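Coordinates as given in final.cif (mmCIF, C-alpha atoms):
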```
data_data
#
loop_
_atom_site.label_atom_id
_atom_site.label_comp_id
_atom_site.auth_asym_id
_atom_site.auth_seq_id
_atom_site.Cartn_x
_atom_site.Cartn_y
_atom_site.Cartn_z
CA MET B 12 0.00 0.00 0.00
CA GLU B 13 2.83 2.35 0.86
CA LYS B 14 4.44 1.57 -2.47
CA LEU B 15 1.24 2.48 -4.33
CA ASN B 16 0.94 5.76 -2.43
CA GLN B 17 4.56 6.57 -3.18
CA ILE B 18 4.06 5.79 -6.89
CA GLU B 19 0.95 8.00 -6.96
CA LYS B 20 2.85 10.84 -5.29
CA THR B 21 5.70 10.44 -7.75
CA ASN B 22 3.31 10.49 -10.72
CA LYS B 23 1.52 13.57 -9.37
CA THR B 24 4.82 15.36 -8.81
CA ARG B 25 5.97 14.45 -12.30
CA THR B 26 2.69 15.68 -13.77
CA ILE B 27 2.95 18.97 -11.88
CA ILE B 28 6.52 19.49 -13.06
CA VAL B 29 5.66 18.70 -16.68
CA ARG B 30 2.66 21.04 -16.62
CA THR B 31 4.67 23.82 -14.98
CA VAL B 32 7.45 23.55 -17.55
CA THR B 33 4.88 23.44 -20.37
CA TYR B 34 3.01 26.51 -19.12
CA VAL B 35 6.24 28.44 -18.57
CA PHE B 36 7.44 27.59 -22.08
CA LEU B 37 4.08 28.51 -23.64
CA SER B 38 3.97 31.77 -21.67
CA LEU B 39 7.45 32.74 -22.84
CA TRP B 40 6.60 31.77 -26.40
CA GLY B 41 3.38 33.81 -26.19
CA LEU B 42 5.35 36.86 -25.02
CA ILE B 43 7.79 36.43 -27.91
CA VAL B 44 4.94 36.22 -30.42
CA LEU B 45 3.02 39.16 -28.94
CA PHE B 46 6.02 41.45 -28.49
CA PRO B 47 6.00 42.78 -32.11
CA PHE B 48 2.33 43.77 -31.70
CA TYR B 49 3.14 45.52 -28.41
CA TRP B 50 6.08 47.31 -29.99
CA MET B 51 3.94 48.37 -32.96
CA MET B 52 1.23 49.84 -30.71
CA LEU B 53 3.78 51.47 -28.40
CA THR B 54 5.56 53.14 -31.31
CA SER B 55 2.24 54.37 -32.70
CA VAL B 56 1.53 56.44 -29.56
CA LYS B 57 4.98 58.04 -29.39
CA SER B 58 5.49 61.49 -30.84
CA TYR B 59 7.92 61.82 -33.71
CA GLY B 60 10.26 63.92 -31.56
CA ALA B 61 10.22 61.46 -28.66
CA TYR B 62 10.85 58.52 -30.97
CA SER B 63 13.71 60.25 -32.79
CA SER B 64 15.40 61.26 -29.53
CA GLU B 65 15.57 57.68 -28.23
CA TYR B 66 19.14 56.50 -28.70
CA ILE B 67 18.21 53.42 -26.67
CA PRO B 68 14.67 52.14 -27.40
CA ARG B 69 12.29 52.44 -24.45
CA PHE B 70 9.70 49.79 -23.71
CA PHE B 71 7.14 52.32 -22.39
CA THR B 72 6.14 55.95 -22.81
CA LEU B 73 4.94 58.46 -20.20
CA SER B 74 3.44 60.84 -22.76
CA PRO B 75 1.33 58.89 -25.27
CA THR B 76 -0.25 60.83 -28.12
CA MET B 77 -2.99 60.09 -30.65
CA GLU B 78 -1.61 62.59 -33.15
CA ASN B 79 -0.14 59.82 -35.29
CA TYR B 80 -3.60 58.29 -35.77
CA VAL B 81 -4.96 61.66 -36.91
CA ASP B 82 -2.07 61.94 -39.38
CA ALA B 83 -2.81 58.42 -40.64
CA PHE B 84 -6.20 59.61 -41.96
CA THR B 85 -5.21 63.13 -43.06
CA ALA B 86 -1.75 62.80 -44.64
CA VAL B 87 -2.97 59.99 -46.93
CA PRO B 88 -6.47 58.76 -47.94
CA LEU B 89 -6.33 55.80 -45.54
CA GLY B 90 -10.12 55.83 -45.21
CA ARG B 91 -10.49 55.28 -48.97
CA TYR B 92 -7.95 52.44 -48.85
CA LEU B 93 -9.95 50.79 -46.07
CA ILE B 94 -13.24 51.13 -47.99
CA ASN B 95 -11.64 49.72 -51.16
CA THR B 96 -10.25 46.79 -49.20
CA LEU B 97 -13.60 46.15 -47.52
CA VAL B 98 -15.42 46.09 -50.89
CA PHE B 99 -12.75 43.85 -52.45
CA THR B 100 -12.76 41.48 -49.46
CA LEU B 101 -16.53 41.11 -49.09
CA VAL B 102 -17.31 40.69 -52.81
CA THR B 103 -14.41 38.28 -53.39
CA THR B 104 -15.32 36.17 -50.36
CA MET B 105 -19.02 35.93 -51.27
CA LEU B 106 -18.29 34.97 -54.89
CA MET B 107 -15.69 32.43 -53.80
CA LEU B 108 -18.08 30.79 -51.32
CA PHE B 109 -20.68 30.43 -54.08
CA VAL B 110 -18.17 28.90 -56.52
CA ILE B 111 -16.42 26.50 -54.15
CA THR B 112 -19.68 25.29 -52.58
CA LEU B 113 -21.06 24.23 -55.97
CA ALA B 114 -17.73 22.71 -57.04
CA ALA B 115 -17.28 20.78 -53.78
CA PHE B 116 -20.83 19.46 -53.99
CA ALA B 117 -20.29 18.28 -57.56
CA PHE B 118 -17.11 16.39 -56.64
CA ALA B 119 -18.54 15.00 -53.40
CA ARG B 120 -22.07 13.92 -54.32
CA LEU B 121 -22.74 13.99 -58.06
CA GLU B 122 -21.76 11.16 -60.37
CA PHE B 123 -20.44 12.00 -63.83
CA PHE B 124 -17.97 10.53 -66.29
CA GLY B 125 -14.32 11.17 -65.40
CA LYS B 126 -15.07 12.71 -61.99
CA ASN B 127 -12.06 11.23 -60.22
CA ALA B 128 -9.70 12.05 -63.08
CA ALA B 129 -11.04 15.60 -63.24
CA PHE B 130 -10.56 16.04 -59.50
CA ILE B 131 -6.98 14.73 -59.65
CA LEU B 132 -6.20 17.15 -62.47
CA PHE B 133 -7.88 19.89 -60.46
CA LEU B 134 -5.73 19.13 -57.41
CA SER B 135 -2.62 19.15 -59.61
CA LEU B 136 -3.18 22.89 -60.09
CA MET B 137 -1.88 23.32 -56.55
CA MET B 138 1.55 22.24 -57.85
CA ILE B 139 1.78 25.23 -60.20
CA PRO B 140 3.90 28.05 -58.69
CA ASN B 141 1.90 31.15 -57.80
CA GLU B 142 4.26 33.32 -59.84
CA LEU B 143 3.19 31.56 -63.05
CA VAL B 144 -0.48 32.04 -62.18
CA VAL B 145 0.09 35.73 -61.45
CA ILE B 146 1.77 36.24 -64.83
CA THR B 147 -1.05 34.45 -66.66
CA ASN B 148 -3.73 36.38 -64.78
CA PHE B 149 -1.94 39.67 -65.41
CA MET B 150 -1.81 39.05 -69.16
CA THR B 151 -5.49 38.03 -69.22
CA VAL B 152 -6.71 41.02 -67.20
CA THR B 153 -4.56 43.41 -69.23
CA ASN B 154 -5.84 42.05 -72.54
CA LEU B 155 -9.42 42.40 -71.28
CA ASP B 156 -8.69 46.02 -70.32
CA MET B 157 -9.61 45.45 -66.69
CA ARG B 158 -6.61 47.03 -65.00
CA ASN B 159 -7.46 49.63 -62.34
CA THR B 160 -10.93 48.13 -61.88
CA PHE B 161 -12.53 46.17 -59.06
CA THR B 162 -13.43 43.48 -61.59
CA GLY B 163 -9.77 42.95 -62.41
CA LEU B 164 -8.92 42.83 -58.72
CA ILE B 165 -11.66 40.37 -57.81
CA LEU B 166 -11.99 37.83 -60.65
CA PRO B 167 -8.65 35.98 -60.22
CA SER B 168 -9.46 35.33 -56.55
CA VAL B 169 -12.98 33.89 -56.75
CA THR B 170 -11.90 30.26 -56.50
CA SER B 171 -9.42 28.15 -54.56
CA VAL B 172 -8.42 24.54 -55.15
CA PHE B 173 -7.51 24.07 -51.49
CA TYR B 174 -10.85 25.36 -50.19
CA ILE B 175 -12.76 23.19 -52.66
CA TYR B 176 -10.79 20.18 -51.44
CA LEU B 177 -11.41 21.08 -47.78
CA LEU B 178 -15.15 21.53 -48.31
CA LYS B 179 -15.41 18.38 -50.45
CA GLU B 180 -13.86 16.31 -47.64
CA ASN B 181 -16.37 17.81 -45.23
CA PHE B 182 -19.33 17.06 -47.51
CA GLU B 183 -18.18 13.44 -47.86
CA GLN B 184 -18.31 12.96 -44.08
CA ILE B 185 -22.08 13.49 -44.15
CA PRO B 186 -23.83 10.08 -44.47
CA ASP B 187 -25.00 9.09 -47.95
CA SER B 188 -28.29 7.92 -46.39
CA LEU B 189 -29.33 11.57 -45.95
CA TYR B 190 -28.80 12.20 -49.64
CA TYR B 191 -30.72 9.10 -50.72
CA ALA B 192 -33.57 9.88 -48.33
CA ALA B 193 -33.78 13.41 -49.71
CA LYS B 194 -33.87 12.09 -53.27
CA VAL B 195 -36.69 9.65 -52.33
CA ASP B 196 -38.67 12.64 -50.98
CA GLY B 197 -38.22 14.38 -54.32
CA THR B 198 -35.68 16.93 -53.10
CA SER B 199 -33.54 18.47 -55.83
CA ASP B 200 -29.75 18.46 -55.59
CA LEU B 201 -29.66 22.23 -55.13
CA LYS B 202 -32.24 22.13 -52.32
CA TYR B 203 -30.35 19.29 -50.62
CA LEU B 204 -27.17 21.34 -50.81
CA VAL B 205 -28.79 24.45 -49.33
CA LYS B 206 -31.00 22.76 -46.71
CA VAL B 207 -28.75 19.91 -45.55
CA LEU B 208 -25.08 20.12 -46.55
CA VAL B 209 -24.51 23.83 -45.95
CA PRO B 210 -26.01 23.89 -42.40
CA LEU B 211 -24.11 20.73 -41.42
CA SER B 212 -20.86 22.16 -42.82
CA LYS B 213 -21.21 25.55 -41.14
CA PRO B 214 -17.96 25.32 -39.08
CA THR B 215 -15.90 24.59 -42.19
CA LEU B 216 -17.63 27.34 -44.18
CA ILE B 217 -17.01 29.83 -41.37
CA THR B 218 -13.36 28.79 -41.29
CA ILE B 219 -13.00 29.21 -45.04
CA THR B 220 -14.73 32.60 -44.88
CA ILE B 221 -12.39 33.88 -42.17
CA LEU B 222 -9.27 32.56 -43.90
CA LYS B 223 -10.37 34.11 -47.20
CA ILE B 224 -11.06 37.46 -45.52
CA ILE B 225 -7.58 37.41 -44.01
CA GLU B 226 -6.09 36.42 -47.37
CA CYS B 227 -7.88 39.26 -49.20
CA TRP B 228 -7.08 41.83 -46.53
CA ASN B 229 -3.37 40.94 -46.67
CA SER B 230 -3.21 40.61 -50.45
CA TYR B 231 -0.27 42.61 -51.78
CA VAL B 232 1.32 41.26 -54.97
CA TRP B 233 -1.78 41.14 -57.18
CA PRO B 234 -3.25 44.55 -56.16
CA ARG B 235 0.19 46.12 -56.48
CA LEU B 236 0.59 44.62 -59.95
CA ILE B 237 -2.85 45.36 -61.37
CA THR B 238 -3.47 48.87 -59.97
CA ASP B 239 -1.48 52.06 -60.33
CA ASP B 240 -4.43 54.38 -59.72
CA ALA B 241 -4.70 55.49 -56.07
CA ASP B 242 -8.51 55.34 -56.33
CA TYR B 243 -8.23 51.53 -56.39
CA PHE B 244 -5.43 51.06 -53.86
CA LEU B 245 -6.02 48.54 -51.08
CA VAL B 246 -4.52 48.89 -47.61
CA SER B 247 -1.67 46.54 -48.54
CA ASN B 248 -0.34 48.62 -51.41
CA GLY B 249 -1.56 51.74 -49.63
CA ILE B 250 1.12 51.07 -47.01
CA GLN B 251 3.77 51.52 -49.71
CA GLU B 252 2.09 54.75 -50.79
CA ILE B 253 2.10 55.90 -47.16
CA ARG B 254 5.80 55.13 -46.89
CA GLU B 255 6.79 56.79 -50.14
CA ASN B 256 4.45 59.79 -50.46
CA GLY B 257 2.65 60.15 -47.15
CA PHE B 258 4.64 60.41 -43.95
CA GLY B 259 8.08 59.82 -45.37
CA ARG B 260 10.44 56.99 -44.59
CA GLU B 261 11.65 58.55 -41.33
CA ASN B 262 8.25 59.08 -39.63
CA ILE B 263 7.99 55.57 -38.19
CA PRO B 264 5.40 56.39 -35.44
CA ALA B 265 2.87 57.65 -38.01
CA MET B 266 3.43 54.59 -40.17
CA MET B 267 2.93 52.31 -37.18
CA ALA B 268 -0.35 54.09 -36.40
CA ALA B 269 -1.54 53.32 -39.94
CA VAL B 270 -0.47 49.68 -39.57
CA VAL B 271 -2.36 49.39 -36.25
CA VAL B 272 -5.54 50.73 -37.87
CA ILE B 273 -5.18 48.24 -40.72
CA SER B 274 -4.37 45.29 -38.43
CA ILE B 275 -7.09 45.71 -35.79
CA PRO B 276 -10.02 44.36 -37.91
CA LEU B 277 -8.19 41.10 -38.67
CA ILE B 278 -7.01 40.63 -35.08
CA ALA B 279 -10.54 41.21 -33.76
CA LEU B 280 -12.02 38.85 -36.38
CA PHE B 281 -9.64 36.05 -35.48
CA LEU B 282 -10.10 36.48 -31.73
CA ILE B 283 -13.89 36.37 -32.07
CA PHE B 284 -13.99 33.30 -34.32
CA ARG B 285 -10.81 31.46 -33.27
CA LYS B 286 -12.75 28.46 -31.91
CA LYS B 287 -14.73 28.15 -35.14
CA VAL B 288 -11.49 28.27 -37.14
CA MET B 289 -9.93 25.44 -35.13
CA GLU B 290 -13.15 23.41 -35.25
CA GLY B 291 -13.55 23.84 -38.99
CA VAL B 292 -9.96 22.94 -39.82
CA SER B 293 -9.99 19.82 -37.63
CA LYS B 294 -13.39 18.71 -38.94
CA GLY B 295 -12.47 19.29 -42.56
CA GLY B 296 -9.11 17.59 -42.22
CA THR B 297 -10.43 14.29 -40.83
CA LYS B 298 -12.46 11.68 -42.59
CA GLY B 299 -14.48 8.83 -41.22
#
```

What's the structure tokens form of this structure?
Amino acid sequence: MEKLNQIEKTNKTRTIIVRTVTYVFLSLWGLIVLFPFYWMMLTSVKSYGAYSSEYIPRFFTLSPTMENYVDAFTAVPLGRYLINTLVFTLVTTMLMLFVITLAAFAFARLEFFGKNAAFILFLSLMMIPNELVVITNFMTVTNLDMRNTFTGLILPSVTSVFYIYLLKENFEQIPDSLYYAAKVDGTSDLKYLVKVLVPLSKPTLITITILKIIECWNSYVWPRLITDDADYFLVSNGIQEIRENGFGRENIPAMMAAVVVISIPLIALFLIFRKKVMEGVSKGGTKG
């Protein structure tokens, strides 16, 4: 009996030590990850004079100012960049959800000649380097005279092989008996998709929506390539405009204020829906 008690005590001690070490490591790692965000926000509330006079960087400020945030909206049309990005993000995401939902349903539930071969060829598109796709899309949009338009910005981003694959795997986890029962009741394929598959796949769809919003909001190469008119600049290429023609390269606090304004919507979105993101990824990535 004494031996059992001693073994239990040893196991409990070992568990406590392992948990303590794990929590300490995760806490330190969390501080390392969060430090750039802290430094960005700290710099954004420092005046240009205070920042320039710091020979040794300070990790706090006793005289915070919001002047940099005012400059972020007055020195450059940051508000217009945000509106452009919001329009681009919402329209692209809605169109993509429509396209990938229909495509995933076709590959998951419908039977047609060459379905498996077509899906394999479709997946092989993921092997093509993004640079080649960008060049092809640029030539197509230019030839169609859609540069400096929202149409040219949006069209190349309305589908995704990876998201179709993720949603298809999720659709295939739903029992076939539901589909056959719906067909016996005279339900059309479209109604079955809308009434059954979409509600049951809500976590995955929410995850895809959030990831696409983040992708669109952070998009840089394509908007920078296809637009040279400031009326169509997004926040990503607007940052370059801010750096070159807005505050100047040396006014780091004002630039950090602009970056904070641009980053806050994505951070808030992820914090609100982080559980849905994890649930959707894990559900879409398992089969059985």

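Ranking B:Tyr203, B:Phe109, B:Phe182, B:Trp228 by their shortest atom-to-atom distance to B:Ile94, with only C-alpha atoms included, puts B:Trp228 first.
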
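With distances taken over all atoms listed in the file, B:Thr220 is the one residue among B:Thr31, B:Leu178, B:Trp40, B:Thr220 lying closest to B:Phe284.
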
Item to check | Expected residue set, 9 Å radius at (-1.9, 46.2, -34.2), all atoms listed in the file, as a PyMOL selection string | outcome: chain B and resi 47-49+51-52+267-268+270-275+278

Item to check | Test item: residues at most 10 Å from stretch 66-70 of chain B, all atoms listed in the file, excluding those fewer than 4 positions along its chain, as number ranges by chain | outcome: B: 49-50, 53-54, 62

Using C-alpha atoms, can you write the selected residues to a file as a short mmCIF file (atom, residue, chain, number, x, y, z; two decimals), keeping the file's coordinate frame?
```cif
data_model
loop_
_atom_site.label_atom_id
_atom_site.label_comp_id
_atom_site.auth_asym_id
_atom_site.auth_seq_id
_atom_site.Cartn_x
_atom_site.Cartn_y
_atom_site.Cartn_z
CA TYR B 49 3.14 45.52 -28.41
CA TRP B 50 6.08 47.31 -29.99
CA LEU B 53 3.78 51.47 -28.40
CA THR B 54 5.56 53.14 -31.31
CA TYR B 62 10.85 58.52 -30.97
#
```

Applying the PyMOL selection byres ((chain B and resi 142-156) around 10) to the file I just gave you, which residues come out? Please list them as a PDB file with C-alpha atoms, in the frame of the given file.
```pdb
ATOM      1  CA  LEU B 136      -3.180  22.890 -60.090  1.00  0.00           C
ATOM      2  CA  ILE B 139       1.780  25.230 -60.200  1.00  0.00           C
ATOM      3  CA  PRO B 140       3.900  28.050 -58.690  1.00  0.00           C
ATOM      4  CA  ASN B 141       1.900  31.150 -57.800  1.00  0.00           C
ATOM      5  CA  MET B 157      -9.610  45.450 -66.690  1.00  0.00           C
ATOM      6  CA  ARG B 158      -6.610  47.030 -65.000  1.00  0.00           C
ATOM      7  CA  ASN B 159      -7.460  49.630 -62.340  1.00  0.00           C
ATOM      8  CA  THR B 160     -10.930  48.130 -61.880  1.00  0.00           C
ATOM      9  CA  THR B 162     -13.430  43.480 -61.590  1.00  0.00           C
ATOM     10  CA  GLY B 163      -9.770  42.950 -62.410  1.00  0.00           C
ATOM     11  CA  LEU B 164      -8.920  42.830 -58.720  1.00  0.00           C
ATOM     12  CA  LEU B 166     -11.990  37.830 -60.650  1.00  0.00           C
ATOM     13  CA  PRO B 167      -8.650  35.980 -60.220  1.00  0.00           C
ATOM     14  CA  VAL B 232       1.320  41.260 -54.970  1.00  0.00           C
ATOM     15  CA  TRP B 233      -1.780  41.140 -57.180  1.00  0.00           C
ATOM     16  CA  LEU B 236       0.590  44.620 -59.950  1.00  0.00           C
ATOM     17  CA  ILE B 237      -2.850  45.360 -61.370  1.00  0.00           C
TER      18      ILE B 237
END
```

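Atom pair atom CA of B:Leu106 / atom CA of B:Phe244: separated by 20.6 Å.
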
Checklist entry - Any chance you could work out the residue set of the PyMOL selection byres ((chain B and resi 241) around 10) here, as a VMD selection string? => result chain B and resid 88 91 to 92 159 238 to 240 242 to 245 248 to 249 252

Next on the checklist: Which residues, named as in the file, does the PyMOL selection byres ((chain B and resi 56) around 9) pick out? Answer as a list of chain:residue names.
Outcome noted: B:Met52, B:Leu53, B:Thr54, B:Ser55, B:Lys57, B:Ser58, B:Thr72, B:Ser74, B:Pro75, B:Thr76, B:Met77, B:Glu78, B:Asn79, B:Tyr80, B:Pro264, B:Ala265, B:Met267, B:Ala268

Can you list, as a PDB file with C-alpha atoms, keeping the file's coordinate frame, every protein, DNA or RNA residue that comes within 10 Å of B:Arg120 when you count only C-alpha atoms, leaving out same-chain residues fewer than 6 positions away?
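Contents of result-v8.pdb, as written:
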```pdb
ATOM      1  CA  LYS B 179     -15.410  18.380 -50.450  1.00  0.00           C
ATOM      2  CA  PHE B 182     -19.330  17.060 -47.510  1.00  0.00           C
ATOM      3  CA  GLU B 183     -18.180  13.440 -47.860  1.00  0.00           C
ATOM      4  CA  ASP B 187     -25.000   9.090 -47.950  1.00  0.00           C
ATOM      5  CA  TYR B 190     -28.800  12.200 -49.640  1.00  0.00           C
ATOM      6  CA  ASP B 200     -29.750  18.460 -55.590  1.00  0.00           C
ATOM      7  CA  LEU B 204     -27.170  21.340 -50.810  1.00  0.00           C
TER       8      LEU B 204
END
```

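Taking atom CA of B:Ile175 and atom CA of B:Phe116 as the two end points, the separation is 9.0 Å.
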
Checklist entry - For the atom pair atom CA of B:Phe36 and atom CA of B:Pro276, what is the interatomic distance in Å to one decimal place? => result 28.9 Å

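Residues in contact with B:Thr170 at 8 Å, where all atoms listed in the file are counted and same-chain residues fewer than 3 positions away are skipped, are listed as Met107, Val110, Ile111 and Pro167 of chain B.
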
Kindly provide, as lines of an AutoDock Vina configuration file, the centre and edge lengths (Å, one decimal) of an axis-aligned box around all atoms of stretch 150-162 of chain B given in the file, with 6 Å on each side.
```
center_x = -7.6
center_y = 43.8
center_z = -65.8
size_x = 23.6
size_y = 23.6
size_z = 25.5
```

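Distance annotation: of B:Leu45, B:Leu89, B:Leu108, B:Leu277, the residue with the minimal separation from B:Val169 is B:Leu108; atom set is all atoms listed in the file.
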
List the spatial neighbours of B:Thr104 as a PDB file with C-alpha atoms, in the frame of the given file - criterion: any atom at most 10 Å away, all atoms listed in the file, same-chain residues fewer than 6 positions off excluded.
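Dumped to out14.pdb:
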```pdb
ATOM      1  CA  VAL B  98     -15.420  46.090 -50.890  1.00  0.00           C
ATOM      2  CA  VAL B 110     -18.170  28.900 -56.520  1.00  0.00           C
ATOM      3  CA  ILE B 165     -11.660  40.370 -57.810  1.00  0.00           C
ATOM      4  CA  SER B 168      -9.460  35.330 -56.550  1.00  0.00           C
ATOM      5  CA  VAL B 169     -12.980  33.890 -56.750  1.00  0.00           C
ATOM      6  CA  THR B 170     -11.900  30.260 -56.500  1.00  0.00           C
ATOM      7  CA  ILE B 219     -13.000  29.210 -45.040  1.00  0.00           C
ATOM      8  CA  THR B 220     -14.730  32.600 -44.880  1.00  0.00           C
ATOM      9  CA  ILE B 221     -12.390  33.880 -42.170  1.00  0.00           C
ATOM     10  CA  LEU B 222      -9.270  32.560 -43.900  1.00  0.00           C
ATOM     11  CA  LYS B 223     -10.370  34.110 -47.200  1.00  0.00           C
ATOM     12  CA  ILE B 224     -11.060  37.460 -45.520  1.00  0.00           C
ATOM     13  CA  GLU B 226      -6.090  36.420 -47.370  1.00  0.00           C
ATOM     14  CA  CYS B 227      -7.880  39.260 -49.200  1.00  0.00           C
TER      15      CYS B 227
END
```

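Ranking B:Phe46, B:Thr96, B:Ile217, B:Ala128 by their shortest atom-to-atom distance to B:Ile283, with only C-alpha atoms included, puts B:Ile217 first.
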